[in-house]
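What's in data39.cif: mmCIF, C-alpha atoms
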```cif
data_query
#
loop_
_atom_site.label_atom_id
_atom_site.label_comp_id
_atom_site.auth_asym_id
_atom_site.auth_seq_id
_atom_site.Cartn_x
_atom_site.Cartn_y
_atom_site.Cartn_z
CA MET A 1 38.17 -63.40 125.01
CA LEU A 2 35.60 -66.21 124.96
CA LEU A 3 33.35 -64.16 122.68
CA LYS A 4 36.21 -63.61 120.23
CA ALA A 5 36.92 -67.35 120.19
CA ARG A 6 33.26 -68.06 119.45
CA LEU A 7 33.22 -65.56 116.58
CA ALA A 8 36.50 -66.93 115.20
CA SER A 9 35.03 -70.45 115.28
CA MET A 10 32.05 -69.17 113.32
CA MET A 11 34.39 -67.76 110.67
CA PHE A 12 36.39 -71.00 110.55
CA LEU A 13 33.28 -73.08 109.90
CA GLU A 14 31.84 -70.53 107.44
CA TYR A 15 34.81 -70.75 105.10
CA PHE A 16 35.49 -74.44 105.73
CA VAL A 17 32.06 -75.11 104.20
CA TRP A 18 32.89 -73.13 101.05
CA GLY A 19 36.44 -74.41 100.70
CA ALA A 20 35.34 -78.03 101.11
CA TRP A 21 33.22 -78.17 97.93
CA TYR A 22 34.00 -75.25 95.66
CA VAL A 23 37.68 -75.79 94.84
CA THR A 24 37.27 -79.36 93.57
CA LEU A 25 33.84 -78.93 91.98
CA GLY A 26 35.23 -78.62 88.45
CA THR A 27 37.28 -81.80 88.83
CA TRP A 28 34.25 -83.84 89.89
CA LEU A 29 32.08 -82.39 87.14
CA GLY A 30 34.74 -82.75 84.45
CA GLU A 31 36.47 -86.03 85.24
CA SER A 32 33.65 -88.05 86.78
CA LEU A 33 30.44 -86.63 85.30
CA ARG A 34 31.98 -85.58 81.95
CA PHE A 35 30.33 -82.18 81.95
CA SER A 36 31.37 -79.74 79.23
CA GLY A 37 33.41 -76.66 79.98
CA ALA A 38 30.34 -74.46 79.57
CA GLN A 39 28.40 -76.58 82.05
CA ILE A 40 31.24 -76.51 84.59
CA GLY A 41 31.48 -72.73 84.21
CA LEU A 42 27.75 -72.31 84.74
CA VAL A 43 27.72 -74.43 87.90
CA ALA A 44 30.76 -72.59 89.26
CA GLY A 45 29.05 -69.31 88.39
CA THR A 46 26.13 -69.99 90.72
CA THR A 47 28.06 -68.27 93.50
CA ALA A 48 28.16 -65.13 91.35
CA VAL A 49 24.37 -65.25 91.03
CA GLY A 50 24.22 -65.63 94.80
CA ALA A 51 26.49 -62.60 95.22
CA ILE A 52 24.14 -60.53 93.07
CA VAL A 53 21.03 -61.56 94.98
CA SER A 54 22.51 -61.60 98.50
CA PRO A 55 22.34 -57.82 99.18
CA PHE A 56 18.59 -57.94 98.62
CA LEU A 57 18.13 -61.00 100.83
CA VAL A 58 20.26 -59.54 103.61
CA GLY A 59 18.56 -56.16 103.34
CA ILE A 60 15.07 -57.61 103.62
CA ILE A 61 15.46 -60.61 105.95
CA ALA A 62 18.30 -59.99 108.39
CA ASP A 63 18.04 -56.21 108.66
CA ARG A 64 14.26 -56.09 109.10
CA LEU A 65 12.67 -59.43 109.99
CA PHE A 66 14.75 -61.95 111.97
CA ALA A 67 17.77 -62.10 114.26
CA THR A 68 21.00 -62.72 112.36
CA GLU A 69 21.95 -65.91 114.22
CA LYS A 70 18.55 -67.45 113.44
CA VAL A 71 18.84 -66.58 109.76
CA LEU A 72 22.32 -68.15 109.70
CA ALA A 73 21.00 -71.33 111.32
CA ALA A 74 18.09 -71.63 108.89
CA VAL A 75 20.00 -71.06 105.65
CA HIS A 76 22.94 -73.28 106.63
CA PHE A 77 20.58 -76.11 107.56
CA LEU A 78 18.69 -75.75 104.27
CA GLY A 79 22.01 -75.46 102.44
CA GLY A 80 23.25 -78.70 103.96
CA ILE A 81 20.16 -80.51 102.68
CA LEU A 82 20.66 -79.08 99.18
CA LEU A 83 24.32 -80.16 99.12
CA VAL A 84 23.47 -83.72 100.16
CA VAL A 85 20.82 -84.02 97.45
CA ALA A 86 23.14 -82.44 94.85
CA SER A 87 25.91 -84.93 95.66
CA PHE A 88 23.70 -87.77 94.38
CA ARG A 89 22.81 -86.11 91.07
CA SER A 90 24.70 -86.73 87.84
CA SER A 91 22.76 -84.84 85.16
CA PHE A 92 23.36 -81.15 84.49
CA GLY A 93 19.85 -79.70 84.85
CA PRO A 94 18.94 -80.99 88.34
CA LEU A 95 22.49 -80.51 89.63
CA TYR A 96 22.67 -76.93 88.39
CA ILE A 97 19.35 -76.02 89.98
CA LEU A 98 20.35 -77.57 93.33
CA VAL A 99 23.75 -75.83 93.41
CA LEU A 100 22.12 -72.54 92.37
CA LEU A 101 19.60 -72.82 95.22
CA TYR A 102 22.48 -73.62 97.56
CA ALA A 103 24.43 -70.55 96.40
CA LEU A 104 21.39 -68.39 97.09
CA CYS A 105 21.40 -69.77 100.64
CA TYR A 106 25.15 -69.59 101.23
CA MET A 107 26.38 -66.36 99.67
CA PRO A 108 24.30 -64.06 101.94
CA THR A 109 25.89 -65.76 104.96
CA LEU A 110 29.26 -64.23 104.08
CA ALA A 111 27.83 -60.78 104.77
CA LEU A 112 25.76 -62.04 107.70
CA THR A 113 28.75 -63.50 109.56
CA ASN A 114 30.63 -60.23 109.07
CA SER A 115 27.63 -58.25 110.27
CA LEU A 116 27.12 -60.41 113.34
CA ALA A 117 30.80 -60.15 114.24
CA PHE A 118 30.87 -56.36 113.85
CA ARG A 119 27.80 -55.99 116.07
CA GLN A 120 29.60 -57.75 118.93
CA MET A 121 32.76 -55.63 118.78
CA THR A 122 33.71 -52.41 120.48
CA ASP A 123 36.62 -51.65 118.11
CA PRO A 124 36.15 -53.48 114.78
CA LYS A 125 39.29 -51.98 113.26
CA THR A 126 41.54 -53.89 115.67
CA GLU A 127 39.30 -56.81 116.62
CA PHE A 128 37.94 -57.99 113.27
CA GLY A 129 41.22 -58.96 111.55
CA PRO A 130 42.34 -61.68 113.99
CA ILE A 131 38.81 -63.11 114.00
CA ARG A 132 38.33 -63.04 110.23
CA VAL A 133 41.69 -64.68 109.56
CA LEU A 134 40.28 -67.91 111.00
CA GLY A 135 38.02 -67.98 107.95
CA THR A 136 41.03 -68.33 105.69
CA GLY A 137 42.26 -71.02 108.08
CA GLY A 138 39.02 -72.92 107.59
CA TRP A 139 39.42 -72.78 103.81
CA ILE A 140 43.00 -74.09 104.12
CA VAL A 141 42.03 -76.98 106.41
CA ALA A 142 39.21 -77.97 104.06
CA GLY A 143 41.55 -78.06 101.07
CA LEU A 144 44.20 -80.07 102.91
CA LEU A 145 41.56 -82.55 104.09
CA ILE A 146 39.97 -83.09 100.68
CA GLY A 147 43.34 -83.31 98.92
CA THR A 148 44.93 -85.66 101.43
CA LEU A 149 41.96 -88.04 101.27
CA ARG A 150 42.06 -87.93 97.45
CA LEU A 151 38.41 -87.00 97.13
CA GLU A 152 38.78 -84.38 94.41
CA ALA A 153 37.10 -86.29 91.58
CA THR A 154 34.20 -87.46 93.75
CA SER A 155 31.00 -86.00 95.16
CA VAL A 156 32.19 -86.60 98.73
CA PRO A 157 33.40 -82.98 99.19
CA LEU A 158 29.80 -81.84 98.85
CA ARG A 159 28.81 -84.18 101.68
CA VAL A 160 31.73 -83.02 103.80
CA ALA A 161 30.55 -79.44 103.25
CA ALA A 162 26.98 -80.49 104.06
CA GLY A 163 28.08 -82.03 107.36
CA ALA A 164 29.95 -78.86 108.28
CA SER A 165 26.93 -76.80 107.24
CA PHE A 166 24.63 -78.77 109.54
CA PHE A 167 27.10 -78.30 112.39
CA LEU A 168 27.35 -74.56 111.69
CA ALA A 169 23.54 -74.32 111.67
CA LEU A 170 23.45 -75.72 115.22
CA TYR A 171 26.42 -73.64 116.29
CA SER A 172 24.77 -70.46 114.99
CA LEU A 173 21.97 -70.86 117.52
CA SER A 174 24.57 -70.53 120.29
CA LEU A 175 25.91 -67.22 118.96
CA PRO A 176 25.07 -63.92 120.68
CA HIS A 177 21.57 -62.65 119.99
CA THR A 178 21.74 -60.13 117.15
CA PRO A 179 18.25 -58.74 116.47
CA PRO A 180 17.32 -56.73 113.35
CA LEU A 181 17.87 -52.99 113.69
CA MET A 182 15.45 -51.74 111.01
CA GLN A 183 12.19 -53.53 111.77
CA SER A 184 10.18 -50.32 111.61
CA VAL A 185 11.81 -49.05 108.41
CA LYS A 186 10.21 -49.90 105.08
CA PHE A 187 12.60 -51.59 102.65
CA ARG A 188 13.31 -49.87 99.36
CA VAL A 189 15.62 -51.12 96.62
CA SER A 190 17.16 -47.64 96.42
CA ASP A 191 18.36 -48.07 100.02
CA LEU A 192 20.84 -50.73 98.88
CA PHE A 193 22.77 -48.31 96.68
CA PRO A 194 21.81 -44.75 97.69
CA VAL A 195 22.03 -41.93 95.21
CA GLU A 196 25.11 -40.56 96.99
CA VAL A 197 26.90 -43.84 96.30
CA ARG A 198 25.81 -43.90 92.66
CA ARG A 199 27.18 -40.40 92.26
CA LEU A 200 30.68 -41.79 92.87
CA PHE A 201 30.61 -42.97 89.26
CA ARG A 202 30.59 -39.35 88.10
CA GLU A 203 34.22 -39.17 89.14
CA PRO A 204 36.25 -40.55 86.20
CA SER A 205 38.85 -42.31 88.35
CA PHE A 206 36.20 -44.15 90.36
CA ALA A 207 34.27 -45.13 87.22
CA ILE A 208 37.47 -46.50 85.66
CA PHE A 209 38.27 -48.39 88.85
CA ALA A 210 34.79 -49.96 88.92
CA LEU A 211 35.00 -50.92 85.23
CA ALA A 212 38.47 -52.42 85.68
CA SER A 213 37.26 -54.36 88.73
CA PHE A 214 34.42 -55.80 86.67
CA LEU A 215 36.67 -56.70 83.74
CA ILE A 216 39.47 -58.30 85.80
CA CYS A 217 36.94 -60.60 87.48
CA ILE A 218 36.13 -62.15 84.10
CA PRO A 219 39.52 -63.92 83.67
CA LEU A 220 39.56 -64.46 87.44
CA GLN A 221 36.89 -67.14 87.03
CA PHE A 222 39.27 -69.25 84.91
CA TYR A 223 41.27 -69.80 88.08
CA TYR A 224 38.41 -70.55 90.44
CA ALA A 225 36.47 -72.85 88.12
CA PHE A 226 39.21 -74.79 86.36
CA THR A 227 42.54 -74.75 88.21
CA ASN A 228 41.88 -77.91 90.22
CA LEU A 229 40.76 -79.78 87.09
CA TYR A 230 43.88 -78.54 85.27
CA LEU A 231 46.24 -79.62 88.04
CA ASN A 232 44.68 -83.07 88.22
CA GLU A 233 44.91 -83.52 84.44
CA ALA A 234 48.54 -82.36 84.64
CA GLY A 235 49.26 -85.17 87.10
CA VAL A 236 49.78 -83.02 90.19
CA LYS A 237 49.30 -85.07 93.36
CA ASN A 238 47.08 -83.67 96.13
CA ALA A 239 46.16 -80.70 93.97
CA ALA A 240 43.56 -79.39 96.43
CA GLY A 241 46.10 -79.45 99.24
CA LYS A 242 48.69 -77.63 97.14
CA MET A 243 46.13 -74.98 96.17
CA THR A 244 45.83 -73.99 99.83
CA GLY A 245 49.29 -72.46 99.37
CA GLY A 246 47.41 -69.59 97.75
CA GLN A 247 45.52 -68.84 100.94
CA MET A 248 48.71 -69.15 102.99
CA SER A 249 50.40 -66.57 100.77
CA GLU A 250 47.32 -64.39 101.13
CA LEU A 251 47.86 -64.23 104.88
CA PHE A 252 51.52 -63.28 104.38
CA CYS A 253 50.79 -60.62 101.75
CA MET A 254 48.18 -59.03 103.99
CA LEU A 255 51.01 -58.11 106.34
CA LEU A 256 52.91 -56.42 103.50
CA ILE A 257 50.08 -54.14 102.38
CA PRO A 258 50.97 -51.17 104.69
CA TRP A 259 54.63 -51.31 103.60
CA PHE A 260 53.73 -51.31 99.89
CA PHE A 261 51.13 -48.58 100.31
CA ARG A 262 53.80 -46.19 101.51
CA ARG A 263 55.87 -46.85 98.41
CA LEU A 264 53.38 -47.53 95.62
CA GLY A 265 50.09 -45.79 96.36
CA VAL A 266 46.70 -47.06 95.23
CA LYS A 267 47.23 -47.09 91.46
CA TYR A 268 50.39 -49.17 91.46
CA MET A 269 49.09 -51.51 94.14
CA LEU A 270 46.13 -52.27 91.88
CA ILE A 271 48.44 -52.65 88.89
CA ALA A 272 50.62 -55.09 90.84
CA GLY A 273 47.55 -57.19 91.61
CA MET A 274 46.42 -57.29 87.98
CA SER A 275 49.96 -58.01 86.79
CA ALA A 276 50.09 -61.01 89.14
CA TRP A 277 46.95 -62.44 87.52
CA ALA A 278 48.48 -62.23 84.05
CA LEU A 279 51.79 -63.70 85.25
CA ARG A 280 50.02 -66.54 87.09
CA TYR A 281 48.24 -67.66 83.92
CA VAL A 282 51.47 -67.56 81.91
CA LEU A 283 53.11 -69.76 84.57
CA PHE A 284 50.20 -72.19 84.38
CA ALA A 285 50.48 -72.25 80.58
CA TYR A 286 54.12 -73.36 80.59
CA GLY A 287 54.36 -75.28 83.87
CA ASN A 288 54.05 -79.03 84.35
CA SER A 289 54.11 -81.61 87.14
CA GLY A 290 57.74 -82.53 86.38
CA SER A 291 60.72 -80.25 85.89
CA ALA A 292 58.52 -77.15 85.67
CA MET A 293 56.49 -77.86 88.79
CA TRP A 294 58.05 -74.73 90.29
CA MET A 295 56.04 -72.67 87.81
CA LEU A 296 52.78 -74.20 89.03
CA TRP A 297 53.82 -73.61 92.64
CA LEU A 298 54.70 -69.99 91.90
CA GLY A 299 51.40 -69.50 90.09
CA ILE A 300 49.53 -70.78 93.15
CA LEU A 301 51.58 -68.70 95.59
CA LEU A 302 50.89 -65.54 93.58
CA HIS A 303 47.35 -65.71 94.92
CA GLY A 304 48.33 -63.49 97.83
CA ILE A 305 49.37 -60.66 95.51
CA CYS A 306 46.46 -61.35 93.13
CA TYR A 307 43.87 -61.09 95.87
CA ASP A 308 45.30 -58.74 98.48
CA PHE A 309 46.92 -56.19 96.19
CA PHE A 310 43.82 -55.80 94.02
CA PHE A 311 40.73 -56.67 96.04
CA VAL A 312 41.82 -55.50 99.49
CA THR A 313 43.40 -52.37 98.02
CA GLY A 314 40.23 -51.79 96.04
CA GLN A 315 38.17 -52.01 99.20
CA ILE A 316 40.36 -49.44 100.90
CA TYR A 317 40.03 -47.18 97.85
CA VAL A 318 36.23 -47.45 97.93
CA ASP A 319 36.23 -46.87 101.68
CA ARG A 320 38.17 -43.66 101.19
CA LYS A 321 35.98 -42.34 98.37
CA ALA A 322 32.55 -43.12 99.83
CA PRO A 323 30.73 -40.86 102.33
CA ILE A 324 31.29 -42.05 105.90
CA ALA A 325 27.67 -43.04 106.49
CA LEU A 326 27.45 -44.95 103.21
CA ARG A 327 30.66 -46.96 103.15
CA ALA A 328 28.89 -50.28 103.69
CA ALA A 329 26.54 -49.56 100.77
CA ALA A 330 29.51 -48.61 98.57
CA GLN A 331 31.33 -51.83 99.46
CA GLY A 332 28.17 -53.80 98.65
CA MET A 333 27.95 -52.15 95.26
CA ILE A 334 31.54 -53.02 94.36
CA THR A 335 30.99 -56.57 95.60
CA LEU A 336 28.01 -56.90 93.27
CA ILE A 337 30.07 -55.55 90.35
CA THR A 338 33.03 -57.86 90.98
CA TYR A 339 32.00 -61.10 92.65
CA GLY A 340 28.55 -60.84 91.11
CA ALA A 341 28.46 -59.48 87.58
CA GLY A 342 32.16 -59.88 86.73
CA MET A 343 32.48 -63.46 87.85
CA LEU A 344 29.12 -64.38 86.30
CA VAL A 345 30.34 -63.21 82.90
CA GLY A 346 33.65 -64.94 83.63
CA SER A 347 31.87 -68.24 84.29
CA TRP A 348 30.25 -68.11 80.86
CA LEU A 349 33.44 -67.05 79.04
CA SER A 350 35.76 -69.51 80.80
CA GLY A 351 33.39 -72.40 80.09
CA TYR A 352 33.17 -71.42 76.42
CA VAL A 353 36.95 -71.15 76.07
CA VAL A 354 37.55 -74.50 77.79
CA ASP A 355 35.08 -76.15 75.40
CA GLN A 356 36.96 -74.72 72.41
CA TYR A 357 40.12 -76.45 73.57
CA THR A 358 38.62 -79.76 74.67
CA ILE A 359 40.21 -82.85 73.12
CA THR A 360 38.27 -86.12 72.85
CA GLY A 361 40.47 -89.19 72.46
CA ALA A 362 39.72 -92.23 70.29
CA ASN A 363 38.66 -94.15 73.41
CA GLY A 364 36.34 -91.36 74.52
CA SER A 365 38.76 -89.87 77.06
CA ILE A 366 38.58 -86.12 77.61
CA SER A 367 41.56 -83.79 77.94
CA HIS A 368 42.23 -80.12 77.26
CA ALA A 369 44.79 -77.92 75.54
CA TRP A 370 45.50 -76.09 78.76
CA ARG A 371 48.32 -73.95 77.42
CA SER A 372 45.96 -72.28 74.98
CA ILE A 373 43.29 -71.87 77.66
CA TRP A 374 45.68 -70.14 80.06
CA ILE A 375 47.09 -67.92 77.32
CA VAL A 376 43.55 -66.67 76.62
CA SER A 377 43.00 -65.82 80.28
CA ALA A 378 46.47 -64.23 80.55
CA THR A 379 45.74 -62.08 77.49
CA CYS A 380 42.41 -60.92 78.95
CA SER A 381 44.15 -59.96 82.19
CA ALA A 382 46.91 -58.13 80.35
CA VAL A 383 44.44 -56.11 78.26
CA VAL A 384 42.63 -54.93 81.41
CA LEU A 385 45.99 -54.11 82.99
CA VAL A 386 47.12 -51.95 80.06
CA LEU A 387 43.80 -50.09 79.83
CA PHE A 388 43.85 -49.41 83.56
CA PHE A 389 47.47 -48.26 83.51
CA PHE A 390 46.82 -45.56 80.91
CA THR A 391 43.40 -44.35 82.09
CA PHE A 392 43.32 -44.47 85.89
CA LYS A 393 44.56 -41.42 87.79
CA ASP A 394 44.36 -41.20 91.57
CA SER A 395 44.87 -37.63 92.68
CA ASP A 396 45.61 -38.22 96.37
CA ARG A 397 48.03 -40.92 97.44
CA MET A 398 47.17 -43.25 100.29
CA SER A 399 48.67 -42.18 103.58
CA THR A 400 50.30 -44.58 105.95
CA THR A 401 47.48 -44.09 108.43
CA THR A 402 44.63 -45.01 106.10
CA ARG A 403 42.13 -47.04 108.03
CA GLN A 404 40.99 -50.45 106.92
CA PRO A 405 37.56 -50.85 105.33
CA GLU A 406 34.65 -51.50 107.66
CA SER A 407 33.28 -54.37 105.58
CA GLU A 408 35.11 -57.39 104.31
CA PRO A 409 34.98 -58.77 100.78
CA VAL A 410 32.25 -61.24 99.99
CA GLY A 411 34.79 -63.97 100.34
CA THR A 412 38.45 -64.31 100.63
CA VAL A 413 39.66 -67.29 98.69
#
```

Translate this structure into structure tokens?
Amino acid sequence: MLLKARLASMMFLEYFVWGAWYVTLGTWLGESLRFSGAQIGLVAGTTAVGAIVSPFLVGIIADRLFATEKVLAAVHFLGGILLVVASFRSSFGPLYILVLLYALCYMPTLALTNSLAFRQMTDPKTEFGPIRVLGTGGWIVAGLLIGTLRLEATSVPLRVAAGASFFLALYSLSLPHTPPLMQSVKFRVSDLFPVEVRRLFREPSFAIFALASFLICIPLQFYYAFTNLYLNEAGVKNAAGKMTGGQMSELFCMLLIPWFFRRLGVKYMLIAGMSAWALRYVLFAYGNSGSAMWMLWLGILLHGICYDFFFVTGQIYVDRKAPIALRAAAQGMITLITYGAGMLVGSWLSGYVVDQYTITGANGSISHAWRSIWIVSATCSAVVLVLFFFTFKDSDRMSTTTRQPESEPVGTV
């Protein structure tokens, strides 16, 4: 029981660090530093670059060279230093480089914390869920803290995250010793995505699923990079705190997944998730902080369906299709496609679109035509939804006893 509490605390701190700085980053960059939409998108997209690189870093360093807890301590300590330095920068070039270096340190830790936790469990299928849910709790607490203290348009969230990162670095050294298991095995890039995993793309349904996952992550970045800035410009009080409602709904929707599986199957679960993205953006387009505040609230609360019904269902689908011995590699490949490539393209596109609808007032003030921005992202989501609906065919429906995937998503947010 004590070990589970220690692992849960690790997860809480891991996601507190991310939730403390990432949600409000766009507001600080846009309102205080006057960065363009493209610049905000690029900075937000550093986590996507980290997601692309992290499988290689994990495969080389943690699997073959050093104990996992020591790697966690080192990268979180270095990450804390980078966040502190970044919080005192105001020009795009240096700030982008610092945040990019930080993302390269942080993003591998999402897989490392999962790996360390799994190594200490006797039955991951039943033990991991209650431990991992504390990660979502950490994200929620971070958002409530930053929003309540009204720090969204400042660089203070980066320093809060840095402080938590330093603490997590020290805490990591107290975690159970988890030595590398492949010290004597030579690393090859082909080991990351074995040929048996790549062959999954020969199956049309899997190829369509992977393509749809990539495409839906492009409009997804509109939400992650710009929602907090939008809510603040719309006059919503404690926007960061209100956005934690998305993570709360995520926890609730996770409980509903087995019930919906029995009735919808994989295809229509995925369609429900994509439909929620399109609906959320329409609600954002026509909501406001006054009489239509309910639309903004509903858009935030749809996060549970957006995330769980698409990404968690997608993980279960991949877990079912991949060979038993290669499920972790298959999950890593889909993570690279979605949180890596898809969100990287999304960071570029969302920044470009926001710039096209930026309004500069006579006094130099900056605002945005948010309705048009959200309609663009809703349209992108709807196009992916329609294409997926008419092309994806899943021959065998998910049974009620389908087991959960052995590896978690890169990050639940």

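Considering the residues A:Gly138, A:Pro176, A:Ile40, A:Phe167 and counting all atoms listed in the file, Leu3 of chain A has its shortest atom-to-atom contact with A:Pro176.
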
Using all atoms listed in the file, which protein or nucleic acid residues come within 6 Å of Leu296 of chain A? Drop anything in the same chain fewer than 3 positions from it, and give the result as a VMD selection string. chain A and resid 284 287 293 299

Once the PyMOL selection byres ((chain A and resi 260-272) around 9) has been evaluated on this model, what residues remain selected, and can you format them as a PyMOL selection string? chain A and resi 256-259+273-277+305-306+309-311+313-314+316-317+385-386+388-389+392-394+396-400

Which residue is closest to Gly245 of chain A? Choose from A:Arg202, A:Arg280, A:His76, A:His303 and count all atoms listed in the file.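 Nearest to Gly245 of chain A: A:His303.
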
As an MDAnalysis selection string, please: the residues near segment 344-358 of chain A (cut-off 9 Å, only C-alpha atoms, same-chain neighbours under 5 positions excluded). chainID A and resid 36:49 215 217:222 225:226 338:339 366:370 372:373 376:377

So the first atom is atom CA of Thr27 of chain A and the second is atom CA of Ala153 of chain A; what is the distance between them in Å, to one decimal place?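 Distance reported for this atom pair: 5.3 Å.
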
Resolved residues for the PyMOL selection byres ((chain A and resi 90) around 12) as a list in words: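 Going through the file, the PyMOL selection byres ((chain A and resi 90) around 12) ends up selecting Trp28, Leu29, Gly30, Ser32, Leu33, Arg34, Phe35, Val85, Ala86, Ser87, Phe88, Arg89, Ser91, Phe92, Gly93, Pro94, Leu95, Tyr96, Leu98, Thr154 and Ser155 of chain A.
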
Give me the residues within 7 Å of Leu116 of chain A as a list in words, counting all atoms listed in the file and dropping any in the same chain fewer than 4 places off.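 Contacts, in chain order: Thr68, Leu112, Gln120 and Thr178 of chain A.
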
Would you write out, as an MDAnalysis selection string, every residue that the PyMOL selection byres ((chain A and resi 321) around 10) captures in this file? chainID A and resid 197 200 203 206 315:320 322:324 327 330

Taking into account only C-alpha atoms, which residue in the set A:Thr227, A:Tyr171, A:Met1, A:Ile208 is nearest to Met121 of chain A? A:Met1

Would you mind reading off the distance between atom CA of Leu149 of chain A and atom CA of Lys242 of chain A, one decimal, in Å?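 Atom CA of Lys242 of chain A lies 13.1 Å from atom CA of Leu149 of chain A.
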
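Note that atom CA of Tyr22 of chain A and atom CA of Ala73 of chain A are 20.7 Å apart.
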
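Here the residues that fall within 8 Å of (24.2, -66.1, 99.6), using all atoms listed in the file, are given as Thr47, Gly50, Ala51, Val53, Ser54, Tyr102, Ala103, Leu104, Cys105, Tyr106, Met107, Pro108, Thr109 and Leu110 of chain A.
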
Which residue out of A:Ser165, A:Thr24, A:Ser289, A:Thr379 has the minimum interatomic distance to Leu72 of chain A when only C-alpha atoms are used? A:Ser165

Using all atoms listed in the file, which of the listed residues (A:Asp123, A:Gly26, A:Met295, A:Phe16) sits closest to Glu233 of chain A? A:Gly26

Can you find the residues with an atom no farther than 7 Å from (29.0, -63.9, 113.4), counting all atoms listed in the file, and report them as an NGL selection string? :A and (7 or 10 or 112-117)

I need the residue nearest Met243 of chain A from this list: A:Gly147, A:Gly80, A:Gly135, A:Gly340. Use all atoms listed in the file for the distance.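 Checking each candidate against Met243 of chain A, we get A:Gly147 as the closest.
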